[in-house]
Structures are given as structure tokens and as C-alpha cells.
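Student: mmCIF, C-alpha atoms, file coords_25.cif:
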data_final
loop_
_atom_site.label_atom_id
_atom_site.label_comp_id
_atom_site.auth_asym_id
_atom_site.auth_seq_id
_atom_site.Cartn_x
_atom_site.Cartn_y
_atom_site.Cartn_z
CA MET A 81 115.79 -18.65 78.15
CA LYS A 82 119.47 -17.77 78.36
CA LYS A 83 118.95 -14.12 77.49
CA ASN A 84 116.91 -13.63 80.67
CA LYS A 85 119.84 -14.60 82.90
CA PRO A 86 121.54 -11.63 84.61
CA ILE A 87 124.99 -13.03 83.70
CA PHE A 88 124.05 -12.85 80.01
CA LYS A 89 123.06 -9.20 80.27
CA LEU A 90 126.17 -8.39 82.30
CA SER A 91 128.30 -10.09 79.66
CA LEU A 92 126.72 -7.96 76.92
CA LEU A 93 127.30 -4.79 78.95
CA SER A 94 130.87 -5.74 79.91
CA MET A 95 132.10 -4.90 76.42
CA SER A 96 131.04 -1.28 76.96
CA LEU A 97 133.52 -0.97 79.83
CA LEU A 98 136.22 -0.86 77.12
CA THR A 99 134.73 1.15 74.26
CA GLY A 100 136.19 4.45 75.50
CA SER A 101 139.37 2.99 76.97
CA ALA A 102 141.82 4.77 74.65
CA THR A 103 141.88 7.72 77.07
CA ALA A 104 142.74 5.55 80.09
CA ILE A 105 146.45 6.43 79.83
CA THR A 106 145.96 10.21 79.74
CA GLY A 107 147.55 10.52 83.19
CA ILE A 108 150.94 9.21 82.03
CA LEU A 109 151.53 12.02 79.50
CA PRO A 110 153.52 14.33 81.85
CA VAL A 111 155.77 11.42 82.86
CA LEU A 112 156.31 10.43 79.23
CA LYS A 113 157.45 13.96 78.45
CA SER A 114 160.32 13.63 80.93
CA SER A 115 161.06 10.06 79.79
CA TYR A 116 161.23 11.09 76.11
CA PRO A 117 162.65 14.66 76.19
CA ASN A 118 163.49 14.63 72.48
CA VAL A 119 159.98 13.67 71.35
CA PRO A 120 157.64 16.60 70.55
CA GLN A 121 154.78 17.15 73.00
CA SER A 122 152.17 16.76 70.27
CA LEU A 123 153.56 13.34 69.35
CA ILE A 124 153.50 12.22 72.98
CA GLU A 125 149.88 13.36 73.32
CA SER A 126 149.05 11.41 70.16
CA LEU A 127 149.43 8.21 72.19
CA VAL A 128 145.96 9.05 73.52
CA THR A 129 144.41 10.29 70.27
CA LEU A 130 146.12 8.03 67.71
CA PRO A 131 143.90 4.97 68.36
CA SER A 132 140.91 7.00 67.17
CA LEU A 133 142.23 6.76 63.60
CA THR A 134 142.14 2.96 63.48
CA ILE A 135 138.98 2.93 65.61
CA LEU A 136 137.24 4.96 62.89
CA ILE A 137 138.45 2.70 60.09
CA PHE A 138 137.71 -0.64 61.75
CA THR A 139 134.41 0.50 63.19
CA LEU A 140 133.27 0.82 59.57
CA LEU A 141 134.81 -2.55 58.68
CA SER A 142 133.25 -4.31 61.68
CA SER A 143 130.00 -5.20 59.90
CA PHE A 144 131.86 -6.71 56.95
CA VAL A 145 134.09 -8.80 59.23
CA ALA A 146 131.01 -9.94 61.18
CA LYS A 147 129.37 -11.16 57.96
CA LYS A 148 132.45 -13.27 57.22
CA ILE A 149 133.22 -14.81 60.62
CA GLY A 150 130.14 -14.09 62.75
CA ASN A 151 129.26 -11.48 65.35
CA LYS A 152 130.61 -13.27 68.41
CA GLN A 153 133.87 -14.18 66.68
CA THR A 154 134.32 -10.56 65.58
CA VAL A 155 133.97 -9.42 69.20
CA GLN A 156 136.47 -12.06 70.35
CA LEU A 157 138.92 -11.09 67.61
CA GLY A 158 138.61 -7.40 68.47
CA LEU A 159 139.13 -8.05 72.18
CA MET A 160 142.27 -10.13 71.55
CA ILE A 161 143.77 -7.54 69.19
CA ALA A 162 142.98 -4.80 71.73
CA LEU A 163 144.64 -6.86 74.48
CA VAL A 164 147.83 -7.25 72.44
CA GLY A 165 147.94 -3.58 71.45
CA GLY A 166 146.99 -2.43 74.94
CA VAL A 167 149.38 -4.47 77.09
CA THR A 168 152.46 -4.75 74.81
CA PRO A 169 153.67 -1.21 75.71
CA PHE A 170 154.39 -2.59 79.21
CA PHE A 171 157.22 -4.61 77.67
CA ILE A 172 158.71 -2.05 75.26
CA THR A 173 160.32 1.39 75.43
CA ASN A 174 160.88 2.27 71.77
CA PHE A 175 158.58 5.23 71.12
CA THR A 176 157.82 4.27 67.50
CA ALA A 177 156.80 0.82 68.69
CA LEU A 178 154.52 2.46 71.27
CA LEU A 179 152.78 4.40 68.51
CA ILE A 180 152.33 1.25 66.43
CA MET A 181 150.85 -0.64 69.38
CA ARG A 182 148.38 2.17 70.00
CA LEU A 183 147.23 1.87 66.39
CA VAL A 184 146.85 -1.89 66.86
CA PHE A 185 144.85 -1.23 70.02
CA GLY A 186 142.48 0.99 68.02
CA VAL A 187 141.95 -1.81 65.47
CA GLY A 188 140.64 -4.08 68.22
CA ILE A 189 138.42 -1.45 69.83
CA GLY A 190 136.98 -0.50 66.44
CA LEU A 191 136.08 -4.10 65.61
CA PHE A 192 133.91 -4.78 68.66
CA THR A 193 132.54 -1.33 69.57
CA PRO A 194 129.57 -1.38 67.12
CA LEU A 195 128.68 -4.89 68.26
CA ALA A 196 128.64 -3.78 71.89
CA ILE A 197 125.53 -1.83 70.84
CA SER A 198 123.98 -3.94 68.08
CA LEU A 199 124.15 -7.26 69.95
CA ILE A 200 121.73 -5.83 72.51
CA SER A 201 119.20 -5.25 69.74
CA MET A 202 119.82 -8.68 68.27
CA PHE A 203 118.69 -10.31 71.51
CA PHE A 204 116.23 -7.83 73.05
CA GLU A 205 113.22 -5.75 72.03
CA GLY A 206 110.87 -3.10 73.40
CA ASP A 207 111.37 -1.53 76.81
CA GLU A 208 113.96 -4.13 77.78
CA ARG A 209 116.09 -3.07 74.83
CA ALA A 210 115.65 0.60 75.81
CA ASN A 211 116.76 -0.16 79.36
CA LEU A 212 119.84 -2.06 78.25
CA LEU A 213 120.89 0.60 75.73
CA GLY A 214 120.68 3.15 78.54
CA TYR A 215 122.76 0.87 80.75
CA GLN A 216 125.20 0.47 77.87
CA LEU A 217 126.14 4.17 77.84
CA GLY A 218 126.16 4.21 81.63
CA THR A 219 128.55 1.25 81.62
CA MET A 220 130.80 3.07 79.15
CA ALA A 221 131.00 6.06 81.51
CA LEU A 222 131.72 3.72 84.43
CA GLY A 223 134.43 1.93 82.46
CA ASN A 224 136.16 5.20 81.56
CA ALA A 225 136.15 6.30 85.19
CA LEU A 226 137.49 2.97 86.48
CA LEU A 227 140.21 2.63 83.85
CA ILE A 228 141.49 6.18 84.37
CA PHE A 229 141.48 5.65 88.15
CA PHE A 230 143.38 2.33 88.06
CA SER A 231 145.79 3.64 85.42
CA GLY A 232 146.63 6.51 87.76
CA MET A 233 147.17 4.08 90.65
CA LEU A 234 149.51 1.94 88.54
CA LEU A 235 151.45 5.04 87.45
CA LYS A 236 153.11 5.09 90.89
CA HIS A 237 155.06 2.02 89.80
CA GLY A 238 156.17 3.45 86.43
CA TRP A 239 154.49 4.80 83.30
CA ASN A 240 154.76 1.46 81.48
CA VAL A 241 152.92 -0.30 84.33
CA SER A 242 149.86 1.86 83.62
CA PHE A 243 149.34 -0.10 80.41
CA LEU A 244 148.54 -3.19 82.50
CA VAL A 245 145.14 -1.62 83.11
CA TYR A 246 144.20 -3.19 79.78
CA LEU A 247 144.39 -6.64 81.38
CA LEU A 248 140.72 -5.91 82.16
CA ILE A 249 140.14 -7.08 78.59
CA ILE A 250 140.78 -10.69 79.70
CA PRO A 251 137.73 -11.08 81.99
CA VAL A 252 135.57 -9.31 79.39
CA TYR A 253 136.80 -11.82 76.78
CA LEU A 254 135.91 -14.71 79.11
CA PHE A 255 132.45 -13.25 79.80
CA VAL A 256 131.79 -13.01 76.06
CA THR A 257 133.20 -16.47 75.28
CA PHE A 258 131.24 -18.40 77.88
CA ASN A 259 128.01 -16.42 78.18
CA ILE A 260 127.11 -14.93 74.78
CA PRO A 261 125.99 -17.20 71.93
CA GLU A 262 126.08 -16.30 68.27
CA PRO A 263 122.88 -14.29 67.60
CA PRO A 264 120.11 -16.17 65.73
CA VAL A 265 119.79 -15.61 62.01
CA SER A 266 116.27 -14.27 62.47
CA GLN A 267 113.86 -13.59 65.29
CA ASP A 268 110.19 -12.72 65.38
CA GLY A 269 109.36 -9.08 65.35
CA PHE A 270 112.91 -7.95 64.74
CA LEU A 271 113.04 -7.51 61.02
CA ILE A 272 111.33 -4.42 59.65
CA LYS A 273 108.85 -5.29 56.93
CA THR A 274 108.53 -2.86 54.09
CA GLU A 275 105.88 -2.92 51.40
CA SER A 276 107.88 -1.13 48.76
CA SER A 277 111.33 0.11 47.90
CA LYS A 278 110.05 3.62 48.54
CA THR A 279 109.53 2.77 52.22
CA SER A 280 113.05 1.38 52.36
CA ILE A 281 114.46 4.64 50.96
CA LYS A 282 112.63 6.65 53.62
CA LEU A 283 114.02 4.33 56.27
CA ASN A 284 117.58 4.88 55.09
CA LYS A 285 117.09 8.65 55.13
CA GLU A 286 115.86 8.48 58.72
CA ILE A 287 118.94 6.49 59.76
CA LEU A 288 121.19 9.02 58.00
CA PHE A 289 119.39 11.87 59.78
CA LEU A 290 119.99 10.22 63.16
CA ILE A 291 123.67 9.62 62.39
CA VAL A 292 124.15 13.31 61.52
CA LEU A 293 122.16 14.30 64.60
CA CYS A 294 124.43 12.10 66.73
CA PHE A 295 127.48 13.93 65.35
CA PHE A 296 126.14 17.35 66.38
CA THR A 297 124.89 15.97 69.69
CA PHE A 298 128.36 14.90 70.77
CA LEU A 299 129.91 17.99 69.20
CA ILE A 300 128.06 19.98 71.87
CA ILE A 301 128.87 17.78 74.84
CA TRP A 302 132.60 17.60 74.01
CA ILE A 303 133.01 21.39 73.86
CA VAL A 304 131.29 21.90 77.22
CA GLN A 305 133.66 19.41 78.83
CA LEU A 306 136.67 20.81 76.98
CA LYS A 307 135.97 24.39 78.04
CA MET A 308 135.05 23.66 81.66
CA PRO A 309 138.59 24.27 83.06
CA LEU A 310 138.76 27.55 81.11
CA ILE A 311 135.36 28.63 82.47
CA PHE A 312 136.69 28.34 86.01
CA ALA A 313 139.90 30.15 85.01
CA GLU A 314 137.95 33.05 83.45
CA ARG A 315 136.00 33.42 86.67
CA GLY A 316 139.15 33.30 88.80
CA LEU A 317 137.90 30.10 90.42
CA ASN A 318 140.68 27.72 89.40
CA LYS A 319 142.31 27.38 92.84
CA ASN A 320 142.79 23.69 93.78
CA ASN A 321 141.69 22.67 90.27
CA PRO A 322 137.89 22.44 90.87
CA ALA A 323 137.27 21.73 87.17
CA SER A 324 138.62 18.18 87.54
CA LEU A 325 136.13 17.46 90.33
CA VAL A 326 133.29 18.97 88.31
CA LEU A 327 134.21 16.93 85.23
CA SER A 328 134.18 13.76 87.36
CA LEU A 329 130.78 14.66 88.80
CA MET A 330 129.52 15.38 85.28
CA ASN A 331 130.41 11.79 84.35
CA VAL A 332 128.51 10.58 87.41
CA GLY A 333 125.50 12.55 86.15
CA GLY A 334 125.84 10.81 82.80
CA LEU A 335 126.04 7.43 84.51
CA VAL A 336 122.84 8.10 86.48
CA ALA A 337 121.07 9.22 83.29
CA GLY A 338 122.09 6.00 81.58
CA LEU A 339 120.63 3.95 84.42
CA LEU A 340 117.37 5.93 84.32
CA PHE A 341 117.04 6.08 80.55
CA GLY A 342 114.65 3.13 80.23
CA ARG A 343 112.17 4.64 82.68
CA ALA A 344 112.48 8.11 81.15
CA PHE A 345 111.83 6.67 77.69
CA VAL A 346 108.68 4.92 78.88
CA LEU A 347 107.48 8.13 80.56
CA PHE A 348 108.25 10.69 77.83
CA ARG A 349 108.68 8.59 74.66
CA HIS A 350 109.29 10.84 71.62
CA LYS A 351 109.22 14.02 73.72
CA LEU A 352 112.42 12.92 75.49
CA LEU A 353 114.77 13.89 72.63
CA PRO A 354 113.69 17.53 72.04
CA LEU A 355 113.30 18.00 75.80
CA GLY A 356 116.88 16.88 76.32
CA TYR A 357 118.23 19.47 73.85
CA LEU A 358 116.10 22.34 75.15
CA LEU A 359 117.00 21.76 78.81
CA ALA A 360 120.65 21.22 77.86
CA GLY A 361 120.66 24.56 76.02
CA MET A 362 119.18 26.23 79.10
CA SER A 363 121.80 24.72 81.41
CA ILE A 364 124.66 25.78 79.10
CA LEU A 365 123.30 29.34 79.16
CA PHE A 366 123.34 29.31 82.97
CA ILE A 367 126.89 27.88 83.01
CA SER A 368 128.08 30.77 80.82
CA LEU A 369 126.35 33.36 83.04
CA SER A 370 127.17 31.96 86.49
CA ARG A 371 129.88 33.60 88.59
CA SER A 372 129.77 31.18 91.51
CA GLY A 373 131.77 27.97 91.36
CA ILE A 374 128.94 26.09 93.05
CA MET A 375 126.40 27.27 90.48
CA ILE A 376 128.72 26.46 87.57
CA ALA A 377 129.15 22.98 89.02
CA PHE A 378 125.40 22.54 89.55
CA TRP A 379 124.45 23.51 86.01
CA ALA A 380 127.36 21.52 84.52
CA ILE A 381 126.24 18.35 86.32
CA PHE A 382 122.61 19.01 85.36
CA PHE A 383 123.68 19.54 81.75
CA ASN A 384 125.53 16.23 81.58
CA PHE A 385 122.64 14.45 83.29
CA ILE A 386 119.84 15.76 81.07
CA TYR A 387 121.89 15.70 77.86
CA SER A 388 122.89 12.08 78.47
CA PHE A 389 119.32 11.04 77.59
CA THR A 390 119.81 12.15 73.98
CA GLY A 391 122.60 9.73 73.01
CA PRO A 392 120.80 6.55 74.15
CA TYR A 393 117.59 7.77 72.49
CA ILE A 394 119.34 8.19 69.13
CA ILE A 395 121.02 4.79 69.43
CA LEU A 396 117.74 3.14 70.44
CA LYS A 397 115.90 4.74 67.50
CA VAL A 398 118.57 3.59 65.03
CA ASN A 399 118.36 0.07 66.44
CA GLN A 400 114.55 0.11 66.19
CA ILE A 401 114.33 1.17 62.56
CA SER A 402 117.37 -0.61 61.09
CA PRO A 403 116.70 -3.82 59.19
CA ARG A 404 118.79 -6.68 60.57
CA SER A 405 121.05 -6.68 57.52
CA LEU A 406 122.02 -3.04 58.22
CA LEU A 407 122.05 -3.11 62.02
CA THR A 408 125.79 -3.56 62.61
CA LEU A 409 126.65 -1.06 59.87
CA SER A 410 124.16 1.48 61.26
CA THR A 411 125.57 1.22 64.77
CA ALA A 412 129.08 1.38 63.31
CA LEU A 413 128.22 4.68 61.64
CA ILE A 414 126.81 5.95 64.95
CA SER A 415 130.11 5.04 66.64
CA VAL A 416 132.03 6.77 63.85
CA SER A 417 129.97 9.94 64.23
CA MET A 418 130.71 9.99 67.97
CA THR A 419 134.45 9.49 67.47
CA LEU A 420 134.63 11.96 64.59
CA SER A 421 132.82 14.63 66.61
CA GLN A 422 135.41 14.27 69.36
CA LEU A 423 138.24 14.74 66.86
CA VAL A 424 136.82 17.88 65.22
CA THR A 425 135.28 19.56 68.30
CA PRO A 426 138.10 22.03 69.09
CA PHE A 427 138.57 22.97 65.43
CA PHE A 428 134.83 23.37 64.77
CA TRP A 429 133.96 25.55 67.77
CA ASN A 430 137.16 27.60 67.95
CA GLY A 431 137.01 28.14 64.20
CA LEU A 432 133.36 29.18 64.38
CA GLY A 433 134.17 31.48 67.30
CA ALA A 434 137.00 33.11 65.35
CA LEU A 435 134.68 33.55 62.38
CA ILE A 436 132.18 35.59 64.40
CA GLY A 437 134.77 37.30 66.59
CA ILE A 438 134.52 35.51 69.96
CA ASP A 439 137.22 33.58 71.77
CA SER A 440 136.25 33.34 75.47
CA ALA A 441 135.23 29.93 76.79
CA SER A 442 131.96 31.36 78.14
CA MET A 443 130.91 32.76 74.77
CA ILE A 444 131.90 29.66 72.83
CA ILE A 445 129.87 27.32 75.04
CA ARG A 446 127.00 29.82 74.87
CA LEU A 447 127.22 29.35 71.11
CA ALA A 448 126.99 25.59 71.67
CA GLY A 449 123.95 26.21 73.88
CA GLY A 450 122.35 28.11 71.01
CA PHE A 451 122.92 25.07 68.77
CA ALA A 452 121.21 22.87 71.38
CA PHE A 453 118.20 25.23 71.47
CA ILE A 454 117.98 25.23 67.66
CA ILE A 455 118.16 21.41 67.46
CA GLY A 456 115.56 21.10 70.22
CA GLY A 457 113.27 23.54 68.40
CA ILE A 458 113.62 21.73 65.07
CA LEU A 459 112.89 18.36 66.69
CA SER A 460 109.87 19.82 68.51
CA LEU A 461 108.43 21.15 65.24
CA ARG A 462 109.20 17.82 63.59
CA LEU A 463 107.34 15.98 66.34
CA ILE A 464 104.32 18.28 66.02
CA GLN A 465 104.28 17.78 62.24
CA LEU A 466 104.44 13.98 62.60
CA LYS A 467 101.51 14.06 65.03
CA ARG A 468 99.46 16.12 62.55
CA VAL A 469 100.20 13.68 59.74
CA LYS A 470 99.25 10.77 61.99
CA ASN A 471 95.98 12.43 63.01
CA ASP A 472 95.11 13.19 59.38
#
Show me, as C-alpha cells, the structure contained in the file I just sent.
Tutor:
Amino acid sequence: MKKNKPIFKLSLLSMSLLTGSATAITGILPVLKSSYPNVPQSLIESLVTLPSLTILIFTLLSSFVAKKIGNKQTVQLGLMIALVGGVTPFFITNFTALLIMRLVFGVGIGLFTPLAISLISMFFEGDERANLLGYQLGTMALGNALLIFFSGMLLKHGWNVSFLVYLLIIPVYLFVTFNIPEPPVSQDGFLIKTESSKTSIKLNKEILFLIVLCFFTFLIIWIVQLKMPLIFAERGLNKNNPASLVLSLMNVGGLVAGLLFGRAFVLFRHKLLPLGYLLAGMSILFISLSRSGIMIAFWAIFFNFIYSFTGPYIILKVNQISPRSLLTLSTALISVSMTLSQLVTPFFWNGLGALIGIDSASMIIRLAGGFAFIIGGILSLRLIQLKRVKND
């Protein structure tokens, strides 16, 4: 069967190389400041963040477009729009036009991002699905690292040349076109059978719970990454910019976790989620208390490794319990919650810190660690309660 071919699986995963690609041009911001001296710094920085607005909108619209033209065609359309919006800045210098193209780029990314997840569940089930969803997040981390690296290499030839990094969209488009068929209308064992409308209501509540949980999950991971340079500065350890190296190694930890997720899920099953939060909370506490750069780095990498099991678990669970008719919309809402958490992270944590009278990076991430402990505790109690109900 075609779905058992490695090229088919690689084609499905290739889309995830691009889902976080809006940040690939972060390295050109200092050069843009000198190239556009009359443009405010905040507006220049918006070239990185602006696509998130259209990503949010079109992630929600993705399921409706897919119903009209098909899943595969929606991915192809999104990839082509992203290619146009991504590469066009190489040919233009008008700053307003640059902003417009970044919005167009976000439209394309938003259209295919939910399908990068849901297509896996349309073709695969069981442990194979769990493995691929883990690989999916690992591939996303790999794609971010590669795109940022190559964008930085191209920057030597001019800031506009960095936008050519989005030519990577072309091989992904070809992989999708020639190796991924339109998913079947139905498949055995995929649709969730419910005996009453009451069961359906409970199912929808569970999906909503997981979407909210996903928001708070990424709210924690973003603040740890955001505050890492300040942690080193507070400790007087910012010589030679070690935070950049640690952040890179944290992403490697996330990549490894993605690759191991399938095995970890088989081994721990439902215990994996609360365990991830509790151990993440512990590692954040040690980050906030450590005075040695090596120990901060160790616990930061461990945090990103262990915490990176939670995201795939949530996505897998949503894919398992969503009826086929809601699958693309459910994964779209998961994608929205991830993007939205990234947007509000600095405002949420700094605002909460100001409310209780703390402003140091160490104390704010310790607060995030407390949230992780609380979530882990709630999920542990929830798991115990479900086991009691099952035994009764």
C-alpha cells in the first residue's frame, strides 16, 4: 500500500519543515534597520511577527477551504501562496510592499499548517500515528533550525537574498503533488462511533479542554525561551552570548523528544502527559536557582526535552478523539492556540509578574514552573479519577 512507502511518509512530514518558517528571517532585522533608517524599529520587527495575524485567520479557514476543494488541493494552494509571499521580497524594496507580502506569506502557511497534522491521522492509526505525530513536531524544529541557518548564510549577499530561503517550498510542493493522494472519504476504524448526542457533547468538551491545555502548554515553553538570555545576564554569565548556544541546544532536545515520542507513548501511555509537566516544572525550578552556566544549560536542555513530549501527546489525543468531520478544524484550533500563545506570552507573564510584584527573569520563569506543577497535579488527579471510574 502506498502509505507504507517511506517516500509517502517523508512527503507528509516535509510540510512540517515550513510550519514555523515565519521566523526564518529574524537575522536580517539589524540590517533592515540600517537600510530603512526612517522606519520605526517596531515596524521593522513586525516583518517577523506580522505573518502570525494571517496565519491565525487562515488556519481557522483551512477546514472550510478543504471541504470546498479537497485536502490535497488546499495544501498545494497554501504552499503556492506561501512561495509567492515568501520569495517576492527578493525582488522589491518598498517597505509597505514587504509588509503586504509577509501577510500573503502568512495566508499560505495558515492554509496548510493544520493539514500537516491532520493528514497524518487521515492515513495512519495506532502507534504508527503516534510515531509520525512525534516526528512531525521534530521535523518542525529541524525546519526552523535549517531555515534560520540558511537565511543567515544568504544574508552575506544582501538582506533581500535571505528571502530566497523560501525556495525550499518548491521541493515540498513537488513532494506533496507526486506522493500524497487525496485522503479517502472514509476508512475503517477511523470514525468515532457515538451512541447518543450526549456522548458527542462530551467529546467536544474534551477537545476544547485539550485546545485550552495546548495554549497554556506553549505559554510556558515560550517564556522559558524568551527569558533565557536574561537569566544568563542576571547571573553575569552573558559573555560570548552563551544563551544563543543554549537555545539552539534546547531545540535539539526538542527534536530528540519528537523522534522518541512514539516509543515513550507506548511505554507510559496516559502517564506521559502529567509526567511531562511535573518534570518540566522541576527543571524550571532548577534553572531559576542555578548559578552555574553549565547547570543552567543542562536543566534548560532537559526542560525542552521532557516538555516536548506534551505537545505531541495533546495533538495525538485530539486526532484520536476527533470525528473525521471535525478533524481539520480541531487541528486548526490546536495550531491557533499555539500561535496565539506565542503572541501573548510576554504580555501574560510580565503582566502577571507586575501584578504580584516580581520582574526578574528568574522569578517569572519560576512562576511558569509553578504553573507546570499545577497542571501536572491536576492531570494526575484527573488520571486517578478516570481509573477509579473505569474500575467501578
Student: Which neighbours of segment 342-350 of chain A fall inside 8 Å, counting all atoms listed in the file, when residues of the same chain fewer than 5 positions from it are skipped, and could you give them as a PyMOL selection string?
Tutor: chain A and resi 207-208+210-212+214+393+463
Student: Assuming the chain letters and numbering stay as they are in my file, what does the PyMOL selection byres ((chain A and resi 113) around 12) actually select? List them as a list of chain:residue names.
Tutor: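 For this structure, the PyMOL selection byres ((chain A and resi 113) around 12) captures A:Gly107, A:Ile108, A:Leu109, A:Pro110, A:Val111, A:Leu112, A:Ser114, A:Ser115, A:Tyr116, A:Pro117, A:Asn118, A:Val119, A:Pro120, A:Gln121, A:Ser122, A:Leu123, A:Ile124, A:Glu125, A:Leu127, A:Phe175, A:Trp239.
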Student: Please expand the PyMOL selection byres ((chain A and resi 373) around 12) into the concrete residues it hits in this file, giving the result as a PyMOL selection string.
Tutor: chain A and resi 308-309+311-319+321-323+325-326+366-372+374-380
Student: Find the distance between atom CA of Ser328 of chain A and atom CA of Phe453 of chain A and write it in Å to one decimal.
Tutor: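 Atom-to-atom, atom CA of Ser328 of chain A to atom CA of Phe453 of chain A, that is 25.3 Å.
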Student: Using only C-alpha atoms for the distances, tell me which of A:Leu248, A:Ile260, A:Leu299, A:Ile464 is nearest to Phe428 of chain A.
Tutor: A:Leu299
Student: Of the candidates A:Leu423, A:Ile291, A:Ile105, A:Leu432, which shows the shortest atom-to-atom distance to Leu234 of chain A, using all atoms listed in the file?
Tutor: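 Under the stated criterion, the closest residue is A:Ile105.
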Student: So which residues get picked by the PyMOL selection byres ((chain A and resi 216-228) around 9) here, written as an mmCIF file with C-alpha atoms, keeping the file's coordinate frame?
Tutor:
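The file below, selection.cif, is the result:
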data_model
loop_
_atom_site.group_PDB
_atom_site.id
_atom_site.type_symbol
_atom_site.label_atom_id
_atom_site.label_comp_id
_atom_site.auth_asym_id
_atom_site.auth_seq_id
_atom_site.Cartn_x
_atom_site.Cartn_y
_atom_site.Cartn_z
ATOM 1 C CA LEU A 92 126.720 -7.960 76.920
ATOM 2 C CA LEU A 93 127.300 -4.790 78.950
ATOM 3 C CA SER A 94 130.870 -5.740 79.910
ATOM 4 C CA MET A 95 132.100 -4.900 76.420
ATOM 5 C CA SER A 96 131.040 -1.280 76.960
ATOM 6 C CA LEU A 97 133.520 -0.970 79.830
ATOM 7 C CA LEU A 98 136.220 -0.860 77.120
ATOM 8 C CA THR A 99 134.730 1.150 74.260
ATOM 9 C CA GLY A 100 136.190 4.450 75.500
ATOM 10 C CA SER A 101 139.370 2.990 76.970
ATOM 11 C CA ALA A 102 141.820 4.770 74.650
ATOM 12 C CA THR A 103 141.880 7.720 77.070
ATOM 13 C CA ALA A 104 142.740 5.550 80.090
ATOM 14 C CA ILE A 105 146.450 6.430 79.830
ATOM 15 C CA THR A 106 145.960 10.210 79.740
ATOM 16 C CA GLY A 107 147.550 10.520 83.190
ATOM 17 C CA ALA A 196 128.640 -3.780 71.890
ATOM 18 C CA ILE A 197 125.530 -1.830 70.840
ATOM 19 C CA ILE A 200 121.730 -5.830 72.510
ATOM 20 C CA ASN A 211 116.760 -0.160 79.360
ATOM 21 C CA LEU A 212 119.840 -2.060 78.250
ATOM 22 C CA LEU A 213 120.890 0.600 75.730
ATOM 23 C CA GLY A 214 120.680 3.150 78.540
ATOM 24 C CA TYR A 215 122.760 0.870 80.750
ATOM 25 C CA PHE A 229 141.480 5.650 88.150
ATOM 26 C CA PHE A 230 143.380 2.330 88.060
ATOM 27 C CA SER A 231 145.790 3.640 85.420
ATOM 28 C CA GLY A 232 146.630 6.510 87.760
ATOM 29 C CA MET A 233 147.170 4.080 90.650
ATOM 30 C CA VAL A 245 145.140 -1.620 83.110
ATOM 31 C CA TYR A 246 144.200 -3.190 79.780
ATOM 32 C CA LEU A 248 140.720 -5.910 82.160
ATOM 33 C CA SER A 328 134.180 13.760 87.360
ATOM 34 C CA ASN A 331 130.410 11.790 84.350
ATOM 35 C CA VAL A 332 128.510 10.580 87.410
ATOM 36 C CA GLY A 334 125.840 10.810 82.800
ATOM 37 C CA LEU A 335 126.040 7.430 84.510
ATOM 38 C CA VAL A 336 122.840 8.100 86.480
ATOM 39 C CA ALA A 337 121.070 9.220 83.290
ATOM 40 C CA GLY A 338 122.090 6.000 81.580
ATOM 41 C CA LEU A 339 120.630 3.950 84.420
ATOM 42 C CA SER A 388 122.890 12.080 78.470
ATOM 43 C CA GLY A 391 122.600 9.730 73.010
ATOM 44 C CA PRO A 392 120.800 6.550 74.150
#
Student: Contacts of Gly165 of chain A at 10 Å or less, counting all atoms listed in the file, minus same-chain residues fewer than 4 places along, as number ranges by chain?
Tutor: A: 131, 159-161, 169, 178-189, 243, 246
Student: Considering all atoms listed in the file, state which residue in the set A:Val252, A:Asn259, A:Pro194, A:Leu396 is at the smallest distance from Pro86 of chain A.
Tutor: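 Comparing A:Val252, A:Asn259, A:Pro194, A:Leu396 against Pro86 of chain A, the winner is A:Asn259.
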Student: Show me as a count of residues only the residues that reach within 10 Å of (134.9, -12.4, 68.7), counting all atoms listed in the file and using the file's own coordinates.
Tutor: 20
Student: Kindly indicate which residue among A:Pro263, A:Pro354, A:Ile381, A:Ile303 lies nearest to Leu461 of chain A, using all atoms listed in the file for the distances.
Tutor: A:Pro354
Student: Skip Thr419 of chain A itself and residues of its chain fewer than 6 positions away, then list as a count of residues only all residues within 9 Å of it, counting all atoms listed in the file.
Tutor: 5
